[in-house]
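Chemist: This is the structure, below, for whatever I ask next.
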Amino acid sequence: MSESNSIVKMINEELGINLLGVLVFNGNEIVLANDVPVELMRLAASLINFINRVNGLEYAKVKLNNVLMYAVRSGDLIIVFLANPTLIEGALSLVNRYVDKLVRMSWEVLNKAKAIEPAVTVEGDELTEDDILILLDYFKGKLRELEAKGE
Amino acid sequence: MVKVFKLVIAGPYGAGKTTFVKTLSEVVPIETDVPAPGKSTTVAFDYGKIRVNDIVVHLFGIPGQERFNFLWRIIARGMHAYIFMVDSSSLESVKSAIFMYNYFTSTFPTTPHVVAANKQDIAKVDINNVRMILGVKPDIKVVPLIAINKKMVLETLVVLLDEVHRLMYGSSFQQGNSHGTGNEKTLM
């Protein structure tokens, strides 16, 4: 089980609620997320798009498509809690106590990703038309070889 | 001087990116684990390369899980082109690619790409429906693929390179293309 799944489980157990998911965004990108359905991720992403366009918005509560979304900004990060709309207001505000932990986890992930960035990133060089034609010629040649072998 | 051609293989979990890289790469593909808080979370991205004269083609398979989308941008930085793979063996698997496809086309709107409908040997969704479900623009090619079939993998790559050439230099080398320049004779 991922760390994000664990924290959702922990929140639900400690608060006796049934959160559907927790996602942390940096800008428009997901840093942490539990295994929530794609549809919920899209809903959260649409909320993030909105929040990012509004300067100074620190939190937002939105009910959309039968999902209650509670988003809290913490510096560059925005944490989105997804819950069933029947969840009472008071219970939802209790999730605030997990924001710091989620922010810490997110920065650890972001910093480690940054640390490995040079190793995983090779940037392409500027290529000429001849370079592209060389590649095309090479791979077409490989195709012809396969065809000649009857594969 | 050795030049780098950076090719990214994108697509959701289970689309066949690892197989594609393995089929194409001249070296044993590398998988990497990214450390995550408290433990090691497996964020396997595939890496392979092919040397063509003085050009090294670097292949990067991007982790498909949406919760790792912060890595997508990092790995995709500086890419020349990408192949977006989908598992066309079920409607659900094609639909699961929508989020990632939207991310790539909106984040890298000018980067040449093709969509590869993988697992066509057991496909339940044809390439026209893949196009419709993902909302692929008419000028973007959707190609059938079986990633374990080297010929189809090479064909996909040739289609992509042709797209790169078309977008960079305004001509195409695909057979039957009316915009050819005459160089086809030396290339075909």
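For the structure tokens, the naming scheme is as follows: chains receive sequential letters (A, B, ...) according to their order of presentation, residues are indexed from 1 within each chain, and ligands are indexed from 1 in presentation order.
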Hey, list the chain A side of the contact with chain B: 6 Å cut-off, only C-alpha atoms, answer as a ChimeraX atom specification.
Modeler: /A:29-33,109,121,123-125,137
Chemist: Could you give me the residues within stretch 69-145 of chain A that DSSP places in alpha helix (DSSP H), as a PyMOL selection string?
Modeler: chain A and resi 89-93+99-120+129-145
Chemist: Please report the interatomic distance between atom CA of B:Glu92 and atom CA of B:Val143 in Å with one decimal.
Modeler: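 Here the two named atoms are 19.0 Å from each other.
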Chemist: Write out as a PDB file with N, CA and C atoms, in the first residue's frame which residues come within 9 Å of stretch 52-60 of chain A when counting only C-alpha atoms, dropping same-chain ones fewer than 2 positions away.
Modeler:
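Okay, this is what ended up in part.pdb:
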ATOM      1  N   GLY A  27       1.343  23.387  -8.071  1.00  0.00           N
ATOM      2  CA  GLY A  27       0.880  23.941  -9.353  1.00  0.00           C
ATOM      3  C   GLY A  27      -0.264  23.061  -9.837  1.00  0.00           C
ATOM      4  N   ASN A  28      -0.159  22.606 -11.094  1.00  0.00           N
ATOM      5  CA  ASN A  28      -1.200  21.725 -11.627  1.00  0.00           C
ATOM      6  C   ASN A  28      -0.811  20.261 -11.544  1.00  0.00           C
ATOM      7  N   LEU A  47     -10.738  21.712  -9.776  1.00  0.00           N
ATOM      8  CA  LEU A  47     -10.774  22.629  -8.630  1.00  0.00           C
ATOM      9  C   LEU A  47      -9.426  23.352  -8.499  1.00  0.00           C
ATOM     10  N   ILE A  48      -8.347  22.599  -8.689  1.00  0.00           N
ATOM     11  CA  ILE A  48      -7.009  23.186  -8.593  1.00  0.00           C
ATOM     12  C   ILE A  48      -6.817  24.264  -9.661  1.00  0.00           C
ATOM     13  N   ASN A  49      -7.303  23.974 -10.853  1.00  0.00           N
ATOM     14  CA  ASN A  49      -7.207  24.981 -11.930  1.00  0.00           C
ATOM     15  C   ASN A  49      -7.871  26.278 -11.504  1.00  0.00           C
ATOM     16  N   PHE A  50      -9.025  26.126 -10.870  1.00  0.00           N
ATOM     17  CA  PHE A  50      -9.760  27.301 -10.414  1.00  0.00           C
ATOM     18  C   PHE A  50      -8.984  28.038  -9.321  1.00  0.00           C
ATOM     19  N   VAL A  62     -16.088  22.792  -2.168  1.00  0.00           N
ATOM     20  CA  VAL A  62     -16.948  22.732  -3.353  1.00  0.00           C
ATOM     21  C   VAL A  62     -17.645  21.381  -3.392  1.00  0.00           C
ATOM     22  N   MET A  69     -15.394  18.471  -2.079  1.00  0.00           N
ATOM     23  CA  MET A  69     -13.945  18.685  -2.164  1.00  0.00           C
ATOM     24  C   MET A  69     -13.562  19.836  -1.246  1.00  0.00           C
ATOM     25  N   TYR A  70     -12.567  19.589  -0.452  1.00  0.00           N
ATOM     26  CA  TYR A  70     -12.073  20.612   0.461  1.00  0.00           C
ATOM     27  C   TYR A  70     -10.592  20.802   0.148  1.00  0.00           C
ATOM     28  N   ALA A  71     -10.255  21.996  -0.313  1.00  0.00           N
ATOM     29  CA  ALA A  71      -8.866  22.270  -0.708  1.00  0.00           C
ATOM     30  C   ALA A  71      -8.255  23.293   0.232  1.00  0.00           C
ATOM     31  N   VAL A  72      -7.032  23.030   0.649  1.00  0.00           N
ATOM     32  CA  VAL A  72      -6.318  23.928   1.557  1.00  0.00           C
ATOM     33  C   VAL A  72      -4.962  24.254   0.945  1.00  0.00           C
ATOM     34  N   ARG A  73      -4.665  25.545   0.878  1.00  0.00           N
ATOM     35  CA  ARG A  73      -3.349  25.935   0.335  1.00  0.00           C
ATOM     36  C   ARG A  73      -2.331  26.004   1.463  1.00  0.00           C
ATOM     37  N   SER A  74      -1.130  25.515   1.165  1.00  0.00           N
ATOM     38  CA  SER A  74      -0.018  25.648   2.102  1.00  0.00           C
ATOM     39  C   SER A  74       1.220  26.004   1.280  1.00  0.00           C
ATOM     40  N   ILE A  78      -1.168  22.624  -2.635  1.00  0.00           N
ATOM     41  CA  ILE A  78      -2.597  22.635  -2.306  1.00  0.00           C
ATOM     42  C   ILE A  78      -3.023  21.198  -2.020  1.00  0.00           C
TER      43      ILE A  78
END
Chemist: Go ahead and compute the interatomic distance for atom CA of A:Asn34 and atom CA of B:Thr105, in Å to one decimal.
Modeler: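 These two atoms are separated by 24.5 Å.
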Chemist: Between A:Asn65, A:Val80, A:Leu40, A:Ser6, single out the one closest to A:Leu23, counting only C-alpha atoms.
Modeler: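 The closest residue to A:Leu23 is A:Val80.
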Chemist: Set the distance at 6 Å and use only C-alpha atoms: which residues neighbour B:Ala123 once local chain neighbours fewer than 2 positions away are removed? I'd like the list as a PyMOL selection string.
Modeler: chain B and resi 88-89+119-121+125
Chemist: Keeping N, CA and C atoms, export the residues of the selection given above as a PDB file, in the first residue's frame.
Modeler:
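In the end it all went to again-v1.pdb:
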ATOM      1  N   SER B  88      -5.538  -0.985 -26.047  1.00  0.00           N
ATOM      2  CA  SER B  88      -6.837  -0.966 -26.731  1.00  0.00           C
ATOM      3  C   SER B  88      -7.598  -2.278 -26.542  1.00  0.00           C
ATOM      4  N   SER B  89      -7.179  -3.069 -25.560  1.00  0.00           N
ATOM      5  CA  SER B  89      -7.858  -4.356 -25.360  1.00  0.00           C
ATOM      6  C   SER B  89      -9.188  -4.209 -24.615  1.00  0.00           C
ATOM      7  N   LYS B 119      -1.843  -3.596 -28.249  1.00  0.00           N
ATOM      8  CA  LYS B 119      -2.562  -4.861 -27.998  1.00  0.00           C
ATOM      9  C   LYS B 119      -3.660  -5.065 -29.039  1.00  0.00           C
ATOM     10  N   GLN B 120      -3.333  -4.707 -30.264  1.00  0.00           N
ATOM     11  CA  GLN B 120      -4.319  -4.853 -31.338  1.00  0.00           C
ATOM     12  C   GLN B 120      -4.636  -6.312 -31.629  1.00  0.00           C
ATOM     13  N   ASP B 121      -3.765  -7.227 -31.179  1.00  0.00           N
ATOM     14  CA  ASP B 121      -4.049  -8.651 -31.364  1.00  0.00           C
ATOM     15  C   ASP B 121      -5.232  -9.110 -30.510  1.00  0.00           C
ATOM     16  N   VAL B 125     -11.112  -2.236 -28.974  1.00  0.00           N
ATOM     17  CA  VAL B 125     -11.376  -0.866 -29.415  1.00  0.00           C
ATOM     18  C   VAL B 125     -10.494  -0.602 -30.644  1.00  0.00           C
TER      19      VAL B 125
END
Chemist: Under the rule that only C-alpha atoms are counted, which of A:Ile132, A:Ile17, A:Asn5, A:Phe81 is the nearest residue to A:Tyr98?
Modeler: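 Going through A:Ile132, A:Ile17, A:Asn5, A:Phe81 one by one, the smallest distance to A:Tyr98 is for A:Phe81.
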Chemist: What is the atom CA of B:Ile133 to atom CA of A:Pro85 distance in Å?
Modeler: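 Taking atom CA of B:Ile133 and atom CA of A:Pro85, their separation equals 29.5 Å.
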Chemist: Compare B:Met1, B:Leu134, B:Leu145, B:Val21 by their minimum atom-to-atom distance to B:Ile122, counting only C-alpha atoms, and give me the closest one.
Modeler: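 That would be B:Leu145, the residue with the smallest distance to B:Ile122.
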